[in-house]
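What follows is the content of my_file.pdb, which has PDB, C-alpha atoms:
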```pdb
MODEL        1
ATOM      1  CA  MET F   1      -7.956  10.425  13.804  1.00  0.00           C
ATOM      2  CA  ALA F   2      -4.444   8.946  13.822  1.00  0.00           C
ATOM      3  CA  LEU F   3      -4.474   5.164  13.704  1.00  0.00           C
ATOM      4  CA  THR F   4      -1.714   2.614  14.229  1.00  0.00           C
ATOM      5  CA  VAL F   5      -0.468   0.831  11.106  1.00  0.00           C
ATOM      6  CA  ARG F   6       0.090  -2.916  11.084  1.00  0.00           C
ATOM      7  CA  TRP F   7       1.727  -4.659   8.111  1.00  0.00           C
ATOM      8  CA  SER F   8       0.562  -8.128   7.114  1.00  0.00           C
ATOM      9  CA  LEU F   9       3.180 -10.698   6.190  1.00  0.00           C
ATOM     10  CA  GLU F  10       1.942 -10.522   2.584  1.00  0.00           C
ATOM     11  CA  ALA F  11       2.410  -6.727   2.500  1.00  0.00           C
ATOM     12  CA  GLU F  12       5.916  -6.990   3.989  1.00  0.00           C
ATOM     13  CA  GLU F  13       6.964  -9.644   1.483  1.00  0.00           C
ATOM     14  CA  ALA F  14       5.496  -7.741  -1.483  1.00  0.00           C
ATOM     15  CA  PHE F  15       7.229  -4.520  -0.385  1.00  0.00           C
ATOM     16  CA  ASP F  16      10.532  -6.415  -0.123  1.00  0.00           C
ATOM     17  CA  ARG F  17      10.020  -7.864  -3.621  1.00  0.00           C
ATOM     18  CA  ILE F  18       9.422  -4.391  -5.044  1.00  0.00           C
ATOM     19  CA  ILE F  19      12.587  -3.097  -3.379  1.00  0.00           C
ATOM     20  CA  GLU F  20      14.540  -6.085  -4.684  1.00  0.00           C
ATOM     21  CA  TYR F  21      13.232  -5.453  -8.208  1.00  0.00           C
ATOM     22  CA  LEU F  22      14.211  -1.790  -7.974  1.00  0.00           C
ATOM     23  CA  GLU F  23      17.679  -2.713  -6.688  1.00  0.00           C
ATOM     24  CA  ASN F  24      18.210  -5.036  -9.648  1.00  0.00           C
ATOM     25  CA  ASN F  25      16.789  -2.769 -12.343  1.00  0.00           C
ATOM     26  CA  TRP F  26      16.882   0.856 -11.235  1.00  0.00           C
ATOM     27  CA  THR F  27      19.020   3.307  -9.301  1.00  0.00           C
ATOM     28  CA  GLU F  28      19.197   4.171  -5.622  1.00  0.00           C
ATOM     29  CA  LYS F  29      17.245   7.343  -6.404  1.00  0.00           C
ATOM     30  CA  GLU F  30      14.224   5.342  -7.617  1.00  0.00           C
ATOM     31  CA  ILE F  31      14.383   3.120  -4.531  1.00  0.00           C
ATOM     32  CA  GLN F  32      14.436   6.149  -2.246  1.00  0.00           C
ATOM     33  CA  ASN F  33      11.555   7.751  -4.168  1.00  0.00           C
ATOM     34  CA  PHE F  34       9.438   4.624  -3.859  1.00  0.00           C
ATOM     35  CA  VAL F  35      10.149   4.256  -0.136  1.00  0.00           C
ATOM     36  CA  ARG F  36       9.437   7.965   0.445  1.00  0.00           C
ATOM     37  CA  LYS F  37       6.161   7.829  -1.489  1.00  0.00           C
ATOM     38  CA  THR F  38       5.114   4.663   0.329  1.00  0.00           C
ATOM     39  CA  HIS F  39       5.732   6.234   3.744  1.00  0.00           C
ATOM     40  CA  MET F  40       3.963   9.418   2.654  1.00  0.00           C
ATOM     41  CA  VAL F  41       0.856   7.476   1.577  1.00  0.00           C
ATOM     42  CA  ILE F  42       0.884   5.421   4.779  1.00  0.00           C
ATOM     43  CA  GLY F  43       1.088   8.663   6.754  1.00  0.00           C
ATOM     44  CA  GLN F  44      -1.914   9.998   4.868  1.00  0.00           C
ATOM     45  CA  ILE F  45      -3.797   6.775   5.600  1.00  0.00           C
ATOM     46  CA  GLU F  46      -2.956   7.022   9.308  1.00  0.00           C
ATOM     47  CA  ASN F  47      -4.432  10.511   9.524  1.00  0.00           C
ATOM     48  CA  ASN F  48      -7.314  10.211   7.062  1.00  0.00           C
ATOM     49  CA  PRO F  49      -7.942   6.516   6.350  1.00  0.00           C
ATOM     50  CA  TYR F  50     -11.030   7.022   4.204  1.00  0.00           C
ATOM     51  CA  GLN F  51      -9.488   9.424   1.682  1.00  0.00           C
ATOM     52  CA  PHE F  52      -8.661   6.599  -0.738  1.00  0.00           C
ATOM     53  CA  LYS F  53     -11.367   4.809  -2.671  1.00  0.00           C
ATOM     54  CA  ALA F  54     -12.902   1.525  -1.644  1.00  0.00           C
ATOM     55  CA  SER F  55     -11.998  -1.546  -3.664  1.00  0.00           C
ATOM     56  CA  ARG F  56     -14.534  -3.991  -5.014  1.00  0.00           C
ATOM     57  CA  PHE F  57     -14.669  -5.335  -1.439  1.00  0.00           C
ATOM     58  CA  HIS F  58     -15.970  -2.139   0.134  1.00  0.00           C
ATOM     59  CA  GLU F  59     -14.281  -2.615   3.490  1.00  0.00           C
ATOM     60  CA  ILE F  60     -10.872  -2.829   1.759  1.00  0.00           C
ATOM     61  CA  ARG F  61      -9.442   0.415   0.370  1.00  0.00           C
ATOM     62  CA  LYS F  62      -6.881   1.016  -2.379  1.00  0.00           C
ATOM     63  CA  ALA F  63      -4.227   3.741  -2.249  1.00  0.00           C
ATOM     64  CA  VAL F  64      -2.171   4.460  -5.359  1.00  0.00           C
ATOM     65  CA  ILE F  65       1.499   4.934  -4.445  1.00  0.00           C
ATOM     66  CA  THR F  66       2.976   5.262  -7.928  1.00  0.00           C
ATOM     67  CA  ARG F  67       1.526   4.698 -11.351  1.00  0.00           C
ATOM     68  CA  HIS F  68       2.832   1.128 -11.061  1.00  0.00           C
ATOM     69  CA  ASN F  69       2.016   0.270  -7.432  1.00  0.00           C
ATOM     70  CA  SER F  70      -0.992   0.438  -5.137  1.00  0.00           C
ATOM     71  CA  LEU F  71      -1.582  -0.609  -1.562  1.00  0.00           C
ATOM     72  CA  PHE F  72      -4.658  -2.403  -0.256  1.00  0.00           C
ATOM     73  CA  TYR F  73      -5.575  -1.792   3.371  1.00  0.00           C
ATOM     74  CA  PHE F  74      -8.361  -2.232   5.916  1.00  0.00           C
ATOM     75  CA  VAL F  75      -9.454   0.304   8.532  1.00  0.00           C
ATOM     76  CA  ASN F  76     -10.273  -1.293  11.882  1.00  0.00           C
ATOM     77  CA  GLU F  77     -11.582   1.628  13.926  1.00  0.00           C
ATOM     78  CA  ASP F  78     -12.599  -0.583  16.844  1.00  0.00           C
ATOM     79  CA  ASP F  79      -8.957  -1.517  17.452  1.00  0.00           C
ATOM     80  CA  GLY F  80      -7.530   1.806  16.215  1.00  0.00           C
ATOM     81  CA  LEU F  81      -5.652   0.049  13.414  1.00  0.00           C
ATOM     82  CA  VAL F  82      -4.974   0.301   9.731  1.00  0.00           C
ATOM     83  CA  GLU F  83      -4.033  -3.124   8.440  1.00  0.00           C
ATOM     84  CA  LEU F  84      -1.874  -3.090   5.301  1.00  0.00           C
ATOM     85  CA  TYR F  85      -2.853  -6.160   3.309  1.00  0.00           C
ATOM     86  CA  ALA F  86      -1.022  -6.167  -0.021  1.00  0.00           C
ATOM     87  CA  PHE F  87       0.834  -4.203  -2.649  1.00  0.00           C
ATOM     88  CA  TRP F  88      -0.457  -4.491  -6.219  1.00  0.00           C
ATOM     89  CA  ASP F  89       1.203  -3.932  -9.580  1.00  0.00           C
ATOM     90  CA  ASN F  90      -1.230  -1.625 -11.388  1.00  0.00           C
ATOM     91  CA  ARG F  91      -0.143  -2.939 -14.772  1.00  0.00           C
ATOM     92  CA  GLN F  92      -1.998  -6.180 -14.032  1.00  0.00           C
ATOM     93  CA  ASP F  93      -5.657  -6.689 -14.846  1.00  0.00           C
ATOM     94  CA  ASP F  94      -7.832  -5.290 -12.020  1.00  0.00           C
ATOM     95  CA  LYS F  95     -10.016  -8.385 -12.287  1.00  0.00           C
ATOM     96  CA  ASN F  96      -7.128 -10.360 -10.790  1.00  0.00           C
ATOM     97  CA  ALA F  97      -6.596  -7.994  -7.850  1.00  0.00           C
ATOM     98  CA  PRO F  98      -6.788  -9.772  -4.508  1.00  0.00           C
ATOM     99  CA  TYR F  99      -9.229  -7.221  -3.052  1.00  0.00           C
TER
ENDMDL
END
```

Kindly present the structure from the file in structure tokens form.
Amino acid sequence: MALTVRWSLEAEEAFDRIIEYLENNWTEKEIQNFVRKTHMVIGQIENNPYQFKASRFHEIRKAVITRHNSLFYFVNEDDGLVELYAFWDNRQDDKNAPY
């Protein structure tokens, strides 16, 4: 079941902030690794959207990209979409997670 991925504005902005942080503090190699891992996880979600665990809001799922970053997303089978909602810094308290 391959679904279409749609990025929310919040997800786009958070991804850009992560890239900006990496540009300012790390090397090009780390940026490329993060982008590669992100696209790999999104590809996995497209093909098997339920492989990652549900968040505390059961319709929202959480995919770990790196030990520092996760991605929250929603599977909308009726429309054939995976909606990427937000990136999350895993070093923060889970109680404060948006989903």

**OP:** Please identify all polymer residues within 8 Å of range 74-77 of chain F, counting all atoms listed in the file, omitting same-chain residues fewer than 5 positions from it, and present them as number ranges by chain.
**Re:** F: 3, 49, 59-61, 82-85

Original post:
Between CA of Asn47 in chain F and CA of Leu22 in chain F, what is the distance, to one decimal in Å?
Top reply: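 About the pair CA of Asn47 in chain F and CA of Leu22 in chain F: they are 28.4 Å apart.
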
Taking all atoms of range 50-69 of chain F that the file lists and extending 5 Å past them on each side, where is the centre of the axis-aligned box and how long are its edges? Answer in Å to one decimal, as JSON.
```
{"center_x": -6.5, "center_y": 2.0, "center_z": -3.6, "size_x": 28.9, "size_y": 24.8, "size_z": 25.6}
```

**OP:** Considering only C-alpha atoms, return as a PyMOL selection string whatever protein or nucleic-acid residues lie within 10 Å of Ser8 in chain F, sequence-local ones (same chain, fewer than 3 positions apart) excluded.
**Re:** chain F and resi 5+11-14+73+83-86

Take the residues just selected and output them with C-alpha atoms as a tab-separated table (two decimals), in the frame of the given file.
```tsv
chain	number	residue	atom	x	y	z
F	5	VAL	CA	-0.47	0.83	11.11
F	11	ALA	CA	2.41	-6.73	2.50
F	12	GLU	CA	5.92	-6.99	3.99
F	13	GLU	CA	6.96	-9.64	1.48
F	14	ALA	CA	5.50	-7.74	-1.48
F	73	TYR	CA	-5.58	-1.79	3.37
F	83	GLU	CA	-4.03	-3.12	8.44
F	84	LEU	CA	-1.87	-3.09	5.30
F	85	TYR	CA	-2.85	-6.16	3.31
F	86	ALA	CA	-1.02	-6.17	-0.02
```

Please report, as CSV, each residue of range 62-85 of chain F lying at most 12 Å from range 32-44 of chain F, together with the nearest pair of atoms and the separation in Å rounded to one decimal; use only C-alpha atoms, and order rows by chain and ascending residue number.
```
residue,atom,partner,partner_atom,distance
F:Lys62,CA,F:Val41,CA,10.8
F:Ala63,CA,F:Val41,CA,7.4
F:Val64,CA,F:Val41,CA,8.1
F:Ile65,CA,F:Thr38,CA,6.0
F:Thr66,CA,F:Lys37,CA,7.6
F:Arg67,CA,F:Phe34,CA,10.9
F:His68,CA,F:Phe34,CA,10.4
F:Asn69,CA,F:Phe34,CA,9.3
F:Ser70,CA,F:Thr38,CA,9.2
F:Leu71,CA,F:Thr38,CA,8.7
F:Phe72,CA,F:Ile42,CA,10.8
F:Tyr73,CA,F:Ile42,CA,9.8
F:Val82,CA,F:Ile42,CA,9.2
F:Glu83,CA,F:Ile42,CA,10.5
F:Leu84,CA,F:Ile42,CA,9.0
```

Original post:
Around (-5.4, -4.3, -10.5) in the file's own coordinates, what residues are found within 10 Å if you use all atoms listed in the file, given back as a PyMOL selection string?
Top reply: chain F and resi 55+62+68-70+88-99

Original post:
So what do you get for CA of Glu23 in chain F versus CA of Arg6 in chain F, distance-wise?
Top reply: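 Calculated distance between CA of Glu23 in chain F and CA of Arg6 in chain F is 25.0 Å.
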